[in-house]
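Have a look at the structure below, then the notes.
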Amino acid sequence: MRTSISERALDAIVSGVLWGFRILIVLAIIIGTVLAIRAGTYTRAQWIDFVIFGVAQGSIYALIALGYTMVYGILRMINFAHGDIFMTGAFGAYFTATWLTKIGFTDRYPVLGLMIPILVAMIIATLIAMLVERIAYRPLRGAPRLVPLISAIGASFFLEYSFRGIFGPGKYAYPPINALEGEWVVLGIGILKVHVVVMVAAGIMMALLYTLVMYTKVGKAMRAVSENQDTAALMGIDVNKTIVSTFAIGAAMAGAAGVLFSLVYRQIDWFMGFTPGIKAFTAAVLGGIGNIPGAMVGGLVLGVFESVGPSLFLEGLGIIRPYQLKDVIAYTMLVMILLFRPSGILGERLTKQKA
Amino acid sequence: MKRLSVLLSLLILASLALAACGPAATQAPGGSTSGYECTDPLGCVKIGPSDPVHIAFWGVLSGADSTLGEDSKRGVEIAIDDKGGKLFGHDILLTSEDAGCTPEGGATAASKLATDTSIVGLVGSTCSDETAGGIAAITKAGLTTISPANTRPSLTSPDRGPDYDGYLRTAHSDAFQGKAVAEFAYNFLGVRKAATIHDGSVYAQALQQVFVDNFKELGGEIVAQEAVAKDATDMKPVLTTIAAKGPEFLYYPVFVAAGGFITAQVRDVPGMENVKLAGSDGIFSPDFLKSAGPNVVGVYLSSPDFSAFTGDYAGFLEKHKAKYGGSTLSTFHAHAYDAANILFAALEKVAVQEADGTIYVPRKALRDAVYATKDFAGITGNLSCSPTGDCGAPVIAVYQVQSDDPASWNPADAANPNPKKVWP
């Protein structure tokens, strides 16, 4: 195609500005980092703490992000109610865990005291997600893409305000598990026990999910449907069933994430799904939406940047009260990574049709 | 194209989250055939023979901080009950508008109420941010609002500007509260190195700054002044940053959500195990115990001194218990009760009633009458309003949380108070 000289000049200017922007941000990060490390405010142990906090937060983001990315992969739809599915799981776990703690069960069997709430949360989240899919999404399957999106936003508000109506606008303190108080020393580094549990649990869940998607019949069906629904249907795959199981698996992950979140931050309320939901969506886009390992990587990267960023490069640049800008870091990073890699960190294998 | 739709959807989501309902159309009481000639520079509110006396409450009634607004609203409702629900033989109608504890929410609520020409006066807002966003609309409509819970110092400072002409408060200014906490920390606890966290809200930012200034003046050292986002959940990084500076005392005058997260997580951070913790009236509520969990025991909280309340505070609490069950939700119910009564007293002073029952309320005269309040016997003290709108009697006390059971919350209990007053 022929383009006029002025158009080409404009293109050059735009890409010049973009490159300038990229270089500027990278420079700011590098300068900030160098200054912060040279200032020596923090000890090595504290830097490691920052990273561990970030990994723990990031693995929760990753678990939620999986649901976004799986549903997107299969339906090309952003399930905005997913953050609230996470909230429903946390509520289910809260009531179970409070009861178990009250009757002394958690103190006697800490492992079961951890597992049972997680299981309950996964079941509740799964059931609610399946209901949402049946009521709010399936009837709109053939509609233009924005329609189910609006329906998802509606479902999100419905869940939030139903929970607010039922359980009140207040907050609940999630009961701590006494056996998880304190820290373990691993390789000379003290790590809070609860963080270890979160990371290990998230790791196991993600490994299970990956195995399920890559090496089982259901997973094969899911991958087939995500490639092409019509062809998959012609091959004898029950598309509806596959979509429901995608929602169910994503929701189970979110439910588990809800428990892990509550264990670490110890406070739940009806609106708790909103911010983590948006962050996890960011993580999914960051990793390359539709790509399962991408969601995991995106979540971890986002969590670590949020945790380390303010003290690493913002403080180094002399910005006061850097923690207020945590979200700015998260979204700036999203823009940056999409500028360098428009399809996300692991998004290169996406076909044109998927993106 | 697909990426565009993702972007678009984010935008839609954001706007949905921010926008509240638009202003509703309201009608002025119709007809004007009577002897009363309105000469008030701000106009008059006409209340027909069968119309109610319409007052409004605005404040935070949704979301994480809703106990603050609900608590104040109950104070107003009890004040109305005490009047038998009637003023000049007309029913009192209370409209409440949620202002969401944000400047935008305050602006939305205020402009909605300002368009309603049947409203004679307001009680609110509850968060200082709401007033910062909404007060201009209220003053411009000729209305007067009395806040039971705003504590930001600048709202009643001499240079507050004409937008604030319609604004008074029965709450104490944080200029007193921050100073009291600083004195408590320095003199009573004997700490010398303090750190603060605020959540970016006008209230918290101003209050911690007052504390910092006074603490430094006393000779103490401020090792860190940090801030977090209002919806932040992971406080460990910021607490680690603070731990690196080695404070003995951490002051976080924030609201329930952030206060709960900080309290629940602070002991997990190496170096923060023994730091003394203090918050202020924004988290002086059983909700805070609910959100913070077991770590909350021992936390210091500043608040108006309930034992200094004169008048019939005990009687108020009984009415509260009879009407709503349980104990009060937050700090400012008594201030709201007083604010409503000051408004009623001023109305009784200036309103003109005709033989057929029609009432005229001149707006400017009403505003002047509220400002002229002197030695008003409220339950928070004997209240006199200053020319810059301060009506509160500022007696601040520091309380210490004794138990993490929200049901045990009763700072006024004689035998077994929780939290318990420790200073002065």
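Simple scheme: letters A, B, ... for chains in structure tokens order, numbers from 1 for residues in each chain, numbers from 1 for ligands in the order shown.
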Counting only C-alpha atoms, which residues of chain A fall within 6 Å of chain B, and what is the closest atom pair for each with its distance in Å at one decimal, ordered by chain and rising number, as a Markdown table?
```
| residue | atom | partner | partner_atom | distance |
| --- | --- | --- | --- | --- |
| A:Phe50 | CA | B:Pro237 | CA | 5.9 |
| A:Lys171 | CA | B:Ser291 | CA | 5.2 |
| A:Tyr172 | CA | B:Ser291 | CA | 5.1 |
| A:Ala173 | CA | B:Ser291 | CA | 4.5 |
| A:Gln267 | CA | B:Ser291 | CA | 5.5 |
| A:Ser307 | CA | B:Pro237 | CA | 5.9 |
| A:Arg321 | CA | B:Glu226 | CA | 4.8 |
| A:Tyr323 | CA | B:Val228 | CA | 5.1 |
| A:Gln324 | CA | B:Val228 | CA | 4.3 |
```
Could you go through region 208-412 of chain B and tell me which residues DSSP, when run on the backbone, assigns to strand (DSSP E or B), listing them as JSON, numbers by chain? {"B": [221, 222, 223, 224, 225, 226, 227, 249, 250, 251, 276, 277, 278, 279, 300, 301, 302, 303, 304, 352, 353, 359, 360, 361, 362, 376, 377, 378, 381, 382, 383, 390, 396, 397, 398, 399, 400, 410]}
Extract, using only C-alpha atoms, all DNA, RNA and protein residues at most 12 Å from Pro176 (chain A), discarding same-chain residues fewer than 5 positions from it, and format them as a VMD selection string. (chain A and resid 94 97 to 98 100 to 102 106 to 107 110 113 to 114 181 to 182 193 to 194 259 to 267) or (chain B and resid 264 to 265 292 to 295)
Residues at most 6 Å from region 284-300 of chain A, counting only C-alpha atoms, excluding those fewer than 2 positions away in the same chain, as number ranges by chain? A: 55, 58-59, 61-62, 65-66, 69-70, 72-73, 281-282, 302-303, 334, 343-347
For the selection you just gave me, I'd like the residues written to a file as a compact mmCIF listing (two decimals), in the first residue's frame, keeping all heavy atoms.
```
# COMPACT_ATOMS: atom_id res chain seq x y z
N VAL A 55 5.56 -12.53 46.05
CA VAL A 55 5.26 -13.83 45.47
C VAL A 55 3.95 -14.37 46.05
O VAL A 55 3.12 -14.94 45.34
CB VAL A 55 6.43 -14.82 45.71
CG1 VAL A 55 6.04 -16.21 45.28
CG2 VAL A 55 7.66 -14.35 44.96
N GLY A 58 1.27 -12.45 44.56
CA GLY A 58 1.24 -12.78 43.15
C GLY A 58 0.63 -14.15 42.89
O GLY A 58 -0.08 -14.34 41.90
N SER A 59 0.87 -15.12 43.80
CA SER A 59 0.29 -16.43 43.52
C SER A 59 -1.23 -16.39 43.68
O SER A 59 -1.95 -17.13 43.01
CB SER A 59 0.92 -17.54 44.37
OG SER A 59 1.43 -17.05 45.56
N TYR A 61 -3.04 -13.65 42.92
CA TYR A 61 -3.44 -13.04 41.63
C TYR A 61 -3.47 -14.10 40.54
O TYR A 61 -4.38 -14.17 39.72
CB TYR A 61 -2.46 -11.95 41.20
CG TYR A 61 -2.56 -10.65 41.97
CD1 TYR A 61 -1.46 -9.78 42.02
CD2 TYR A 61 -3.72 -10.29 42.64
CE1 TYR A 61 -1.53 -8.59 42.72
CE2 TYR A 61 -3.79 -9.10 43.34
CZ TYR A 61 -2.69 -8.25 43.37
OH TYR A 61 -2.75 -7.08 44.05
N ALA A 62 -2.42 -14.94 40.54
CA ALA A 62 -2.30 -15.94 39.47
C ALA A 62 -3.47 -16.90 39.49
O ALA A 62 -4.05 -17.22 38.45
CB ALA A 62 -0.98 -16.69 39.61
N ALA A 65 -6.36 -15.14 38.12
CA ALA A 65 -6.15 -14.83 36.71
C ALA A 65 -6.44 -16.05 35.83
O ALA A 65 -6.88 -15.91 34.68
CB ALA A 65 -4.73 -14.34 36.49
N LEU A 66 -6.20 -17.26 36.37
CA LEU A 66 -6.44 -18.46 35.59
C LEU A 66 -7.89 -18.51 35.10
O LEU A 66 -8.15 -18.89 33.96
CB LEU A 66 -6.14 -19.69 36.44
CG LEU A 66 -4.65 -19.94 36.68
CD1 LEU A 66 -4.45 -21.03 37.70
CD2 LEU A 66 -3.99 -20.31 35.36
N THR A 69 -8.46 -16.11 32.23
CA THR A 69 -7.77 -16.48 31.01
C THR A 69 -8.41 -17.72 30.37
O THR A 69 -8.54 -17.81 29.15
CB THR A 69 -6.27 -16.67 31.34
OG1 THR A 69 -5.52 -15.93 30.39
CG2 THR A 69 -5.85 -18.09 31.36
N MET A 70 -8.87 -18.66 31.23
CA MET A 70 -9.50 -19.87 30.68
C MET A 70 -10.81 -19.53 29.99
O MET A 70 -11.10 -20.02 28.90
CB MET A 70 -9.73 -20.89 31.79
CG MET A 70 -8.46 -21.62 32.19
SD MET A 70 -8.65 -22.51 33.73
CE MET A 70 -9.89 -23.68 33.27
N TYR A 72 -11.67 -16.65 28.84
CA TYR A 72 -11.39 -15.88 27.62
C TYR A 72 -10.95 -16.81 26.50
O TYR A 72 -11.39 -16.70 25.36
CB TYR A 72 -10.31 -14.82 27.87
CG TYR A 72 -10.09 -13.96 26.66
CD1 TYR A 72 -10.87 -12.84 26.42
CD2 TYR A 72 -9.13 -14.30 25.71
CE1 TYR A 72 -10.71 -12.07 25.30
CE2 TYR A 72 -8.95 -13.54 24.56
CZ TYR A 72 -9.74 -12.42 24.37
OH TYR A 72 -9.60 -11.67 23.25
N GLY A 73 -10.09 -17.73 26.86
CA GLY A 73 -9.58 -18.66 25.85
C GLY A 73 -10.69 -19.42 25.15
O GLY A 73 -10.64 -19.68 23.95
N PHE A 281 -7.17 -9.64 36.43
CA PHE A 281 -7.41 -9.44 35.01
C PHE A 281 -6.19 -8.81 34.36
O PHE A 281 -5.75 -9.22 33.29
CB PHE A 281 -8.65 -8.55 34.83
CG PHE A 281 -8.91 -8.17 33.42
CD1 PHE A 281 -9.18 -9.14 32.47
CD2 PHE A 281 -8.87 -6.84 33.03
CE1 PHE A 281 -9.41 -8.79 31.16
CE2 PHE A 281 -9.10 -6.49 31.72
CZ PHE A 281 -9.37 -7.46 30.78
N THR A 282 -5.61 -7.82 35.06
CA THR A 282 -4.37 -7.22 34.59
C THR A 282 -3.29 -8.29 34.43
O THR A 282 -2.58 -8.33 33.42
CB THR A 282 -3.87 -6.18 35.60
OG1 THR A 282 -4.94 -5.30 35.90
CG2 THR A 282 -2.71 -5.39 35.07
N LEU A 302 3.27 -9.40 38.51
CA LEU A 302 2.52 -8.26 39.02
C LEU A 302 2.68 -8.14 40.53
O LEU A 302 2.95 -7.07 41.08
CB LEU A 302 1.04 -8.41 38.66
CG LEU A 302 0.15 -7.22 39.00
CD1 LEU A 302 0.50 -6.05 38.12
CD2 LEU A 302 -1.31 -7.57 38.84
N GLY A 303 2.52 -9.28 41.23
CA GLY A 303 2.63 -9.27 42.69
C GLY A 303 4.00 -8.78 43.14
O GLY A 303 4.10 -7.94 44.04
N LEU A 334 1.86 -2.75 33.15
CA LEU A 334 1.01 -3.36 32.13
C LEU A 334 1.19 -2.65 30.79
O LEU A 334 1.41 -3.29 29.76
CB LEU A 334 -0.46 -3.28 32.57
CG LEU A 334 -1.47 -3.79 31.56
CD1 LEU A 334 -1.40 -5.30 31.47
CD2 LEU A 334 -2.87 -3.36 31.93
N SER A 343 1.28 -8.81 22.80
CA SER A 343 0.41 -9.94 23.13
C SER A 343 0.70 -10.50 24.51
O SER A 343 0.24 -11.57 24.86
CB SER A 343 0.55 -11.03 22.07
OG SER A 343 1.91 -11.32 21.89
N GLY A 344 1.43 -9.75 25.33
CA GLY A 344 1.69 -10.22 26.68
C GLY A 344 2.96 -11.02 26.77
O GLY A 344 3.56 -11.39 25.77
N ILE A 345 3.38 -11.32 28.00
CA ILE A 345 4.68 -11.96 28.21
C ILE A 345 4.77 -13.29 27.46
O ILE A 345 5.73 -13.55 26.75
CB ILE A 345 4.92 -12.21 29.71
CG1 ILE A 345 4.91 -10.88 30.48
CG2 ILE A 345 6.26 -12.90 29.92
CD1 ILE A 345 5.00 -11.05 31.98
N LEU A 346 3.77 -14.14 27.62
CA LEU A 346 3.81 -15.46 26.98
C LEU A 346 2.80 -15.56 25.85
O LEU A 346 2.33 -16.64 25.52
CB LEU A 346 3.54 -16.56 28.01
CG LEU A 346 4.60 -16.76 29.09
CD1 LEU A 346 4.24 -17.95 29.95
CD2 LEU A 346 5.97 -16.96 28.48
N GLY A 347 2.44 -14.44 25.29
CA GLY A 347 1.34 -14.45 24.33
C GLY A 347 1.73 -14.75 22.91
O GLY A 347 0.90 -14.64 22.01
```
Tell me which of A:Gly104, A:Gly32, A:Gly318, A:Gly277 sits closest to Asn79 (chain A), counting only C-alpha atoms. A:Gly277
Give the helix (DSSP H, G or I) residues of region 177-320 of chain A, as assigned by DSSP on the backbone, as a PyMOL selection string. chain A and resi 178-180+193-215+217-227+229-234+239-265+274-287+292-314
So how many Å separate CA of Phe376 (chain B) and CA of Ala206 (chain B), to one decimal?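 Here the two named atoms are 28.7 Å from each other.
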I want to know what sits within 7 Å of region 172-181 of chain B, based on only C-alpha atoms, with residues of the same chain fewer than 2 positions away left out; could you give that as a compact mmCIF listing (two decimals) with C-alpha atoms, in the first residue's frame?
```txt
# COMPACT_ATOMS: atom_id res chain seq x y z
CA THR B 151 -12.84 16.52 61.81
CA ARG B 152 -10.52 17.95 59.15
CA PRO B 153 -9.09 21.18 60.61
CA THR B 170 -20.51 19.70 66.09
CA GLU B 183 0.79 14.43 73.98
CA PHE B 184 -0.47 11.00 74.95
CA ALA B 185 2.32 9.26 73.04
CA LEU B 207 -4.75 14.28 61.21
CA GLN B 208 -1.40 12.53 60.97
CA VAL B 210 -1.20 17.53 63.08
CA PHE B 211 0.17 14.65 65.11
CA ASN B 214 2.88 18.38 67.65
CA SER B 302 -8.43 8.46 70.36
CA GLY B 392 -18.00 21.28 69.09
CA ALA B 393 -16.68 21.04 72.63
CA PRO B 394 -13.30 19.44 71.99
CA ILE B 396 -10.38 14.17 73.50
```
Report, in Å to a single decimal, how far apart CA of Leu155 (chain B) and CA of Ala334 (chain B) are.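 Rounded to one decimal, the two atoms are 20.2 Å apart.
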Please provide the set of residues having any atom within 8 Å of region 335-348 of chain B, restricted to only C-alpha atoms, with same-chain residues fewer than 4 positions apart removed, written as a list of chain:residue names. B:Ser72, B:Lys73, B:Gly75, B:Val76, B:Glu77, B:Ile78, B:Ala79, B:Ile80, B:Gly121, B:Val123, B:Ile146, B:Ser147, B:Pro148, B:Ala149, B:Arg169, B:Thr170, B:Ala171, B:Val361, B:Leu366, B:Ala369, B:Val370, B:Thr373, B:Phe376, B:Gly378, B:Ile379, B:Thr380
Residue among A:Lys217, A:Lys326, A:Arg22, A:Arg138 lying closest to Leu314 (chain A), counting only C-alpha atoms: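 Under the stated criterion, the closest residue is A:Lys326.
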Have a look at CA of Gly161 (chain B) and CA of Thr144 (chain B) and let me know their distance in Å, one decimal. 15.1 Å
